[in-house]
$ cat my_file.pdb   # PDB, C-alpha atoms and all ligand atoms
ATOM      1  CA  MET Q 205       3.453  24.804  -8.774  1.00  0.00           C
ATOM      2  CA  SER Q 206       5.414  22.415 -10.955  1.00  0.00           C
ATOM      3  CA  TRP Q 207       4.307  19.023 -12.202  1.00  0.00           C
ATOM      4  CA  ARG Q 208       6.634  16.194 -12.935  1.00  0.00           C
ATOM      5  CA  ARG Q 209       4.430  13.551 -14.301  1.00  0.00           C
ATOM      6  CA  PHE Q 210       1.171  13.211 -16.197  1.00  0.00           C
ATOM      7  CA  VAL Q 211      -0.467   9.827 -16.594  1.00  0.00           C
ATOM      8  CA  PRO Q 212      -4.046   8.815 -17.354  1.00  0.00           C
ATOM      9  CA  ALA Q 213      -6.051   8.737 -14.153  1.00  0.00           C
ATOM     10  CA  LEU Q 214      -8.499  10.585 -11.973  1.00  0.00           C
ATOM     11  CA  VAL Q 215      -9.160  11.472  -8.387  1.00  0.00           C
ATOM     12  CA  ARG Q 216      -7.350  12.893  -5.435  1.00  0.00           C
ATOM     13  CA  HIS Q 217      -5.031  10.995  -3.170  1.00  0.00           C
ATOM     14  CA  ARG Q 218      -4.044  12.167   0.272  1.00  0.00           C
ATOM     15  CA  GLY Q 219      -2.824  15.465  -1.084  1.00  0.00           C
ATOM     16  CA  ARG Q 220      -0.160  13.872  -3.237  1.00  0.00           C
ATOM     17  CA  ALA Q 221      -1.999  14.008  -6.531  1.00  0.00           C
ATOM     18  CA  ILE Q 222      -4.361  16.469  -8.148  1.00  0.00           C
ATOM     19  CA  SER Q 223      -7.489  15.569 -10.111  1.00  0.00           C
ATOM     20  CA  PHE Q 224      -8.286  16.281 -13.714  1.00  0.00           C
ATOM     21  CA  THR Q 225     -10.899  14.599 -15.817  1.00  0.00           C
ATOM     22  CA  ASP Q 226      -8.516  12.147 -17.438  1.00  0.00           C
ATOM     23  CA  LYS Q 227      -5.068  12.820 -16.021  1.00  0.00           C
ATOM     24  CA  ILE Q 228      -3.312  12.903 -12.728  1.00  0.00           C
ATOM     25  CA  ALA Q 229      -0.344  14.967 -11.864  1.00  0.00           C
ATOM     26  CA  GLN Q 230       2.060  14.332  -9.034  1.00  0.00           C
ATOM     27  CA  ARG Q 231       3.807  17.061  -7.207  1.00  0.00           C
ATOM     28  CA  ALA Q 232       7.485  17.341  -8.040  1.00  0.00           C
ATOM     29  CA  ARG Q 233       8.386  16.764  -4.413  1.00  0.00           C
ATOM     30  CA  ILE Q 234       6.678  13.357  -4.205  1.00  0.00           C
ATOM     31  CA  ARG Q 235       9.171  10.829  -2.920  1.00  0.00           C
ATOM     32  CA  PRO Q 236      10.320   8.426  -5.663  1.00  0.00           C
ATOM     33  CA  GLU Q 237       9.374   5.402  -3.562  1.00  0.00           C
ATOM     34  CA  HIS Q 238       5.752   6.635  -3.520  1.00  0.00           C
ATOM     35  CA  ALA Q 239       5.452   7.840  -7.117  1.00  0.00           C
ATOM     36  CA  GLY Q 240       4.872   4.524  -8.888  1.00  0.00           C
ATOM     37  CA  PHE Q 241       2.371   3.202  -6.385  1.00  0.00           C
ATOM     38  CA  VAL Q 242       0.416   6.466  -6.279  1.00  0.00           C
ATOM     39  CA  ALA Q 243       0.237   6.699 -10.093  1.00  0.00           C
ATOM     40  CA  LEU Q 244      -1.063   3.119 -10.313  1.00  0.00           C
ATOM     41  CA  HIS Q 245      -3.524   3.724  -7.475  1.00  0.00           C
ATOM     42  CA  GLU Q 246      -4.932   6.754  -9.299  1.00  0.00           C
ATOM     43  CA  HIS Q 247      -5.039   4.798 -12.550  1.00  0.00           C
ATOM     44  CA  ALA Q 248      -7.175   2.193 -10.795  1.00  0.00           C
ATOM     45  CA  HIS Q 249      -9.776   4.873 -10.019  1.00  0.00           C
ATOM     46  CA  ILE Q 250      -9.898   5.750 -13.744  1.00  0.00           C
ATOM     47  CA  LEU Q 251     -10.383   2.103 -14.669  1.00  0.00           C
ATOM     48  CA  PHE Q 252     -13.133   1.696 -12.059  1.00  0.00           C
ATOM     49  CA  ARG Q 253     -14.922   4.743 -13.481  1.00  0.00           C
ATOM     50  CA  GLU Q 254     -14.466   3.719 -17.116  1.00  0.00           C
ATOM     51  CA  HIS Q 255     -15.772   0.223 -16.396  1.00  0.00           C
ATOM     52  CA  ARG Q 256     -18.541   1.531 -14.111  1.00  0.00           C
ATOM     53  CA  VAL Q 257     -17.292  -0.468 -11.138  1.00  0.00           C
ATOM     54  CA  THR Q 258     -19.131   0.691  -8.032  1.00  0.00           C
ATOM     55  CA  PHE Q 259     -18.272   0.256  -4.360  1.00  0.00           C
ATOM     56  CA  ALA Q 260     -20.331   0.212  -1.199  1.00  0.00           C
ATOM     57  CA  THR Q 261     -18.030   2.691   0.525  1.00  0.00           C
ATOM     58  CA  GLU Q 262     -15.175   5.015  -0.297  1.00  0.00           C
ATOM     59  CA  LEU Q 263     -12.931   2.881   1.912  1.00  0.00           C
ATOM     60  CA  GLU Q 264     -13.737  -0.178  -0.195  1.00  0.00           C
ATOM     61  CA  GLU Q 265     -12.801   1.703  -3.378  1.00  0.00           C
ATOM     62  CA  GLU Q 266      -9.555   2.944  -1.830  1.00  0.00           C
ATOM     63  CA  THR Q 267      -8.694  -0.581  -0.661  1.00  0.00           C
ATOM     64  CA  CYS Q 268      -9.328  -1.965  -4.141  1.00  0.00           C
ATOM     65  CA  ALA Q 269      -7.262   0.811  -5.745  1.00  0.00           C
ATOM     66  CA  ASP Q 270      -4.411   0.023  -3.340  1.00  0.00           C
ATOM     67  CA  TYR Q 271      -4.676  -3.663  -4.198  1.00  0.00           C
ATOM     68  CA  PHE Q 272      -4.702  -2.950  -7.942  1.00  0.00           C
ATOM     69  CA  ALA Q 273      -1.592  -0.789  -7.559  1.00  0.00           C
ATOM     70  CA  ALA Q 274       0.210  -3.433  -5.492  1.00  0.00           C
ATOM     71  CA  CYS Q 275      -0.587  -6.157  -8.033  1.00  0.00           C
ATOM     72  CA  ALA Q 276       0.517  -3.991 -10.955  1.00  0.00           C
ATOM     73  CA  LEU Q 277       3.708  -2.913  -9.230  1.00  0.00           C
ATOM     74  CA  ALA Q 278       4.669  -6.416  -8.096  1.00  0.00           C
ATOM     75  CA  PRO Q 279       2.570  -9.281  -9.492  1.00  0.00           C
ATOM     76  CA  ARG Q 280       2.118 -12.289  -7.226  1.00  0.00           C
ATOM     77  CA  ALA Q 281       4.293 -14.603  -9.355  1.00  0.00           C
ATOM     78  CA  ALA Q 282       7.072 -12.012  -9.457  1.00  0.00           C
ATOM     79  CA  VAL Q 283       6.992 -11.552  -5.675  1.00  0.00           C
ATOM     80  CA  ARG Q 284       7.150 -15.319  -5.176  1.00  0.00           C
ATOM     81  CA  ALA Q 285      10.094 -15.569  -7.599  1.00  0.00           C
ATOM     82  CA  PHE Q 286      11.813 -12.695  -5.811  1.00  0.00           C
ATOM     83  CA  ALA Q 287      11.338 -14.416  -2.453  1.00  0.00           C
ATOM     84  CA  ARG Q 288      12.763 -17.688  -3.807  1.00  0.00           C
ATOM     85  CA  SER Q 289      15.899 -16.047  -5.146  1.00  0.00           C
ATOM     86  CA  CYS Q 290      16.457 -13.178  -2.684  1.00  0.00           C
ATOM     87  CA  GLY Q 291      14.568 -14.215   0.441  1.00  0.00           C
ATOM     88  CA  ARG Q 292      11.634 -12.480   2.068  1.00  0.00           C
ATOM     89  CA  ASP Q 293      13.435  -9.258   2.776  1.00  0.00           C
ATOM     90  CA  PRO Q 294      11.020  -6.293   2.644  1.00  0.00           C
ATOM     91  CA  GLU Q 295      13.850  -3.779   2.392  1.00  0.00           C
ATOM     92  CA  ALA Q 296      15.290  -5.606  -0.646  1.00  0.00           C
ATOM     93  CA  LEU Q 297      11.874  -5.934  -2.336  1.00  0.00           C
ATOM     94  CA  ALA Q 298      11.187  -2.246  -1.739  1.00  0.00           C
ATOM     95  CA  ALA Q 299      14.501  -1.288  -3.292  1.00  0.00           C
ATOM     96  CA  TYR Q 300      13.974  -3.641  -6.242  1.00  0.00           C
ATOM     97  CA  VAL Q 301      10.468  -2.373  -7.018  1.00  0.00           C
ATOM     98  CA  GLY Q 302      11.072   1.254  -6.097  1.00  0.00           C
ATOM     99  CA  ALA Q 303       8.520   1.315  -3.308  1.00  0.00           C
ATOM    100  CA  THR Q 304       8.535   1.757   0.455  1.00  0.00           C
ATOM    101  CA  GLU Q 305       9.536  -0.888   2.957  1.00  0.00           C
ATOM    102  CA  ILE Q 306       6.079  -0.657   4.530  1.00  0.00           C
ATOM    103  CA  TRP Q 307       4.518  -1.384   1.154  1.00  0.00           C
ATOM    104  CA  ALA Q 308       6.827  -4.417   0.790  1.00  0.00           C
ATOM    105  CA  HIS Q 309       5.747  -5.804   4.180  1.00  0.00           C
ATOM    106  CA  LEU Q 310       2.105  -5.505   3.101  1.00  0.00           C
ATOM    107  CA  ARG Q 311       2.772  -7.051  -0.324  1.00  0.00           C
ATOM    108  CA  PHE Q 312       4.560 -10.072   1.150  1.00  0.00           C
ATOM    109  CA  ALA Q 313       1.584 -10.592   3.483  1.00  0.00           C
ATOM    110  CA  GLU Q 314      -0.853 -10.398   0.541  1.00  0.00           C
ATOM    111  CA  VAL Q 315       1.141 -12.775  -1.620  1.00  0.00           C
ATOM    112  CA  PHE Q 316       1.804 -15.336   1.121  1.00  0.00           C
ATOM    113  CA  GLY Q 317      -1.626 -15.061   2.741  1.00  0.00           C
ATOM    114  CA  GLU Q 318      -0.357 -13.877   6.105  1.00  0.00           C
ATOM    115  CA  SER Q 319      -1.789 -11.630   8.781  1.00  0.00           C
ATOM    116  CA  LEU Q 320      -0.027  -8.342   9.204  1.00  0.00           C
ATOM    117  CA  ALA Q 321      -0.826  -4.764  10.152  1.00  0.00           C
ATOM    118  CA  VAL Q 322       1.158  -1.586   9.785  1.00  0.00           C
ATOM    119  CA  VAL Q 323       0.450   1.128  12.309  1.00  0.00           C
ATOM    120  CA  GLY Q 324       1.747   4.475  11.126  1.00  0.00           C
ATOM    121  CA  PRO Q 325       1.466   7.877  12.739  1.00  0.00           C
ATOM    122  CA  SER Q 326      -1.657   8.739  10.740  1.00  0.00           C
ATOM    123  CA  MET Q 327      -2.700   5.533   8.930  1.00  0.00           C
ATOM    124  CA  VAL Q 328      -3.234   1.873   9.681  1.00  0.00           C
ATOM    125  CA  TRP Q 329      -3.159  -0.849   7.027  1.00  0.00           C
ATOM    126  CA  ALA Q 330      -4.238  -4.434   7.710  1.00  0.00           C
ATOM    127  CA  ARG Q 331      -3.999  -7.742   5.898  1.00  0.00           C
ATOM    128  CA  GLY Q 332      -5.282 -11.231   6.706  1.00  0.00           C
ATOM    129  CA  ASP Q 333      -6.755 -11.722  10.167  1.00  0.00           C
ATOM    130  CA  PHE Q 334      -6.086  -8.098  11.071  1.00  0.00           C
ATOM    131  CA  VAL Q 335      -8.583  -6.824   8.484  1.00  0.00           C
ATOM    132  CA  GLY Q 336     -11.605  -5.520  10.360  1.00  0.00           C
ATOM    133  CA  VAL Q 337      -9.787  -5.198  13.679  1.00  0.00           C
ATOM    134  CA  HIS Q 338     -10.477  -1.746  15.077  1.00  0.00           C
ATOM    135  CA  GLU Q 339      -7.677   0.771  14.598  1.00  0.00           C
ATOM    136  CA  SER Q 340      -7.489   1.477  18.328  1.00  0.00           C
ATOM    137  CA  THR Q 341      -6.875  -2.223  19.009  1.00  0.00           C
ATOM    138  CA  LEU Q 342      -4.077  -2.342  16.435  1.00  0.00           C
ATOM    139  CA  ARG Q 343      -2.522   0.810  17.896  1.00  0.00           C
ATOM    140  CA  GLU Q 344      -2.629  -0.807  21.341  1.00  0.00           C
ATOM    141  CA  CYS Q 345      -0.956  -3.949  19.927  1.00  0.00           C
ATOM    142  CA  ALA Q 346       1.754  -1.775  18.400  1.00  0.00           C
ATOM    143  CA  ARG Q 347       2.459  -0.236  21.819  1.00  0.00           C
ATOM    144  CA  SER Q 348       2.526  -3.474  23.769  1.00  0.00           C
ATOM    145  CA  PRO Q 349       3.640  -6.655  21.998  1.00  0.00           C
ATOM    146  CA  SER Q 350       2.268  -9.850  23.461  1.00  0.00           C
ATOM    147  CA  THR Q 351       2.822 -13.556  23.195  1.00  0.00           C
ATOM    148  CA  GLU Q 352       0.422 -13.519  20.230  1.00  0.00           C
ATOM    149  CA  VAL Q 353       1.856 -10.693  18.175  1.00  0.00           C
ATOM    150  CA  ARG Q 354       5.295  -9.427  17.403  1.00  0.00           C
ATOM    151  CA  VAL Q 355       6.028  -5.795  16.589  1.00  0.00           C
ATOM    152  CA  LEU Q 356       8.765  -4.608  14.274  1.00  0.00           C
ATOM    153  CA  PRO Q 357       9.617  -0.908  14.025  1.00  0.00           C
ATOM    154  CA  VAL Q 358       9.918   0.348  10.443  1.00  0.00           C
ATOM    155  CA  GLY Q 359      10.722   4.018  10.371  1.00  0.00           C
ATOM    156  CA  ARG Q 360       7.972   5.835  12.250  1.00  0.00           C
ATOM    157  CA  ALA Q 361       5.581   2.898  11.790  1.00  0.00           C
ATOM    158  CA  ARG Q 362       5.154  -0.411  13.603  1.00  0.00           C
ATOM    159  CA  VAL Q 363       4.591  -3.660  11.716  1.00  0.00           C
ATOM    160  CA  ILE Q 364       2.483  -6.158  13.654  1.00  0.00           C
ATOM    161  CA  SER Q 365       2.437  -9.827  12.748  1.00  0.00           C
ATOM    162  CA  LEU Q 366       1.130 -12.962  14.380  1.00  0.00           C
ATOM    163  CA  ARG Q 367       3.754 -15.064  16.094  1.00  0.00           C
TER     164      ARG Q 367
HETATM  165 ZN    ZN Q 401      -7.598   6.664  -3.994  1.00  0.00          ZN
END
$ encode --input "my_file.pdb" --output "structure tokens"
Amino acid sequence: MSWRRFVPALVRHRGRAISFTDKIAQRARIRPEHAGFVALHEHAHILFREHRVTFATELEEETCADYFAACALAPRAAVRAFARSCGRDPEALAAYVGATEIWAHLRFAEVFGESLAVVGPSMVWARGDFVGVHESTLRECARSPSTEVRVLPVGRARVISLR
């Protein structure tokens, strides 16, 4: 097994990173558009531990680690400036930041306070009014757009937004 990158952090992450007490390592085959976000996500877990931040559930901690990583990768002011000069193009933001297009859709929704969900083959992410909506409901929305939601295919995922 070869390791490409060592940065301070902890914890496991969906099989893409391996735990040590104060380091994370990413597999050499991690896709470049995932590497930065995953390293920052794992770093968030280290910071939570070092500062004794506790969470009610593992999901809450993972959500906060995702949010920390998104903010570190693309701060709100920078995303707003990007949108002013380049438009709200998720593909362009993803390329600029070195992240995935799905991540860029979610980050625009966070920054602009919009409701959006991404339904992937194995994961569902929600922002705004979609937070707390059951995964099965979001998967149903992704299959059958309505007058209330629009569905945009992005790779193997579906991005759902309110009309
Ligand atoms: Zn995590």
$ atom_distance --input "my_file.pdb" --atom1 "CA of Arg360 in chain Q" --atom2 "CA of Arg292 in chain Q"
21.3 Å
$ closest_residue --input "my_file.pdb" --among "Q:Arg256, Q:Ala330, Q:Leu366, Q:Gly302" --to "Ala239 in chain Q" --atoms "all atoms listed in the file"
Q:Gly302
$ atom_distance --input "my_file.pdb" --atom1 "CA of His249 in chain Q" --atom2 "CA of Phe272 in chain Q"
9.6 Å
$ residues_around --input "my_file.pdb" --residues "Pro236 in chain Q" --least-positions-apart "5" --cutoff "10 Å" --atoms "all atoms listed in the file" --output "VMD selection string"
chain Q and resid 241 302 to 304
$ atom_distance --input "my_file.pdb" --atom1 "CA of Leu277 in chain Q" --atom2 "CA of Thr261 in chain Q"
24.5 Å
$ closest_residue --input "my_file.pdb" --among "Q:Val337, Q:Val301, Q:Val353, Q:Ile306" --to "Cys275 in chain Q" --atoms "only C-alpha atoms"
Q:Val301
$ resolve_selection --input "my_file.pdb" --expression "the PyMOL selection byres (((chain Q and resi 252) around 12) and not hetatm)" --output "list in words"
Ala213, Leu214, Val215, His245, Glu246, His247, Ala248, His249, Ile250, Leu251, Arg253, Glu254, His255, Arg256, Val257, Thr258, Phe259, Glu265, Glu266, Cys268, Ala269 and Phe272 of chain Q
$ closest_residue --input "my_file.pdb" --among "Q:Arg280, Q:Arg347, Q:Arg288, Q:Arg362" --to "Phe316 in chain Q" --atoms "only C-alpha atoms"
Q:Arg280
$ closest_residue --input "my_file.pdb" --among "Q:His238, Q:Arg367, Q:Arg231, Q:Arg331" --to "Val315 in chain Q" --atoms "all atoms listed in the file"
Q:Arg331
$ closest_residue --input "my_file.pdb" --among "Q:Ala243, Q:Ala278, Q:Val328, Q:Glu314" --to "ligand ZN 401 (chain Q)" --atoms "only C-alpha atoms and all ligand atoms"
Q:Ala243
$ closest_residue --input "my_file.pdb" --among "Q:Arg311, Q:Val358, Q:Gln230, Q:Glu352" --to "Pro325 in chain Q" --atoms "all atoms listed in the file"
Q:Val358
$ residues_near_point --input "my_file.pdb" --point "(-1.2, -0.8, 18.4)" --cutoff "10 Å" --atoms "only C-alpha atoms" --output "ChimeraX atom specification"
/Q:321-324,328,338-349,355,362-364
$ residues_around --input "my_file.pdb" --residues "Ala299 in chain Q" --least-positions-apart "6" --cutoff "10 Å" --atoms "all atoms listed in the file" --output "list in words"
Glu237, Glu305 and Ala308 of chain Q
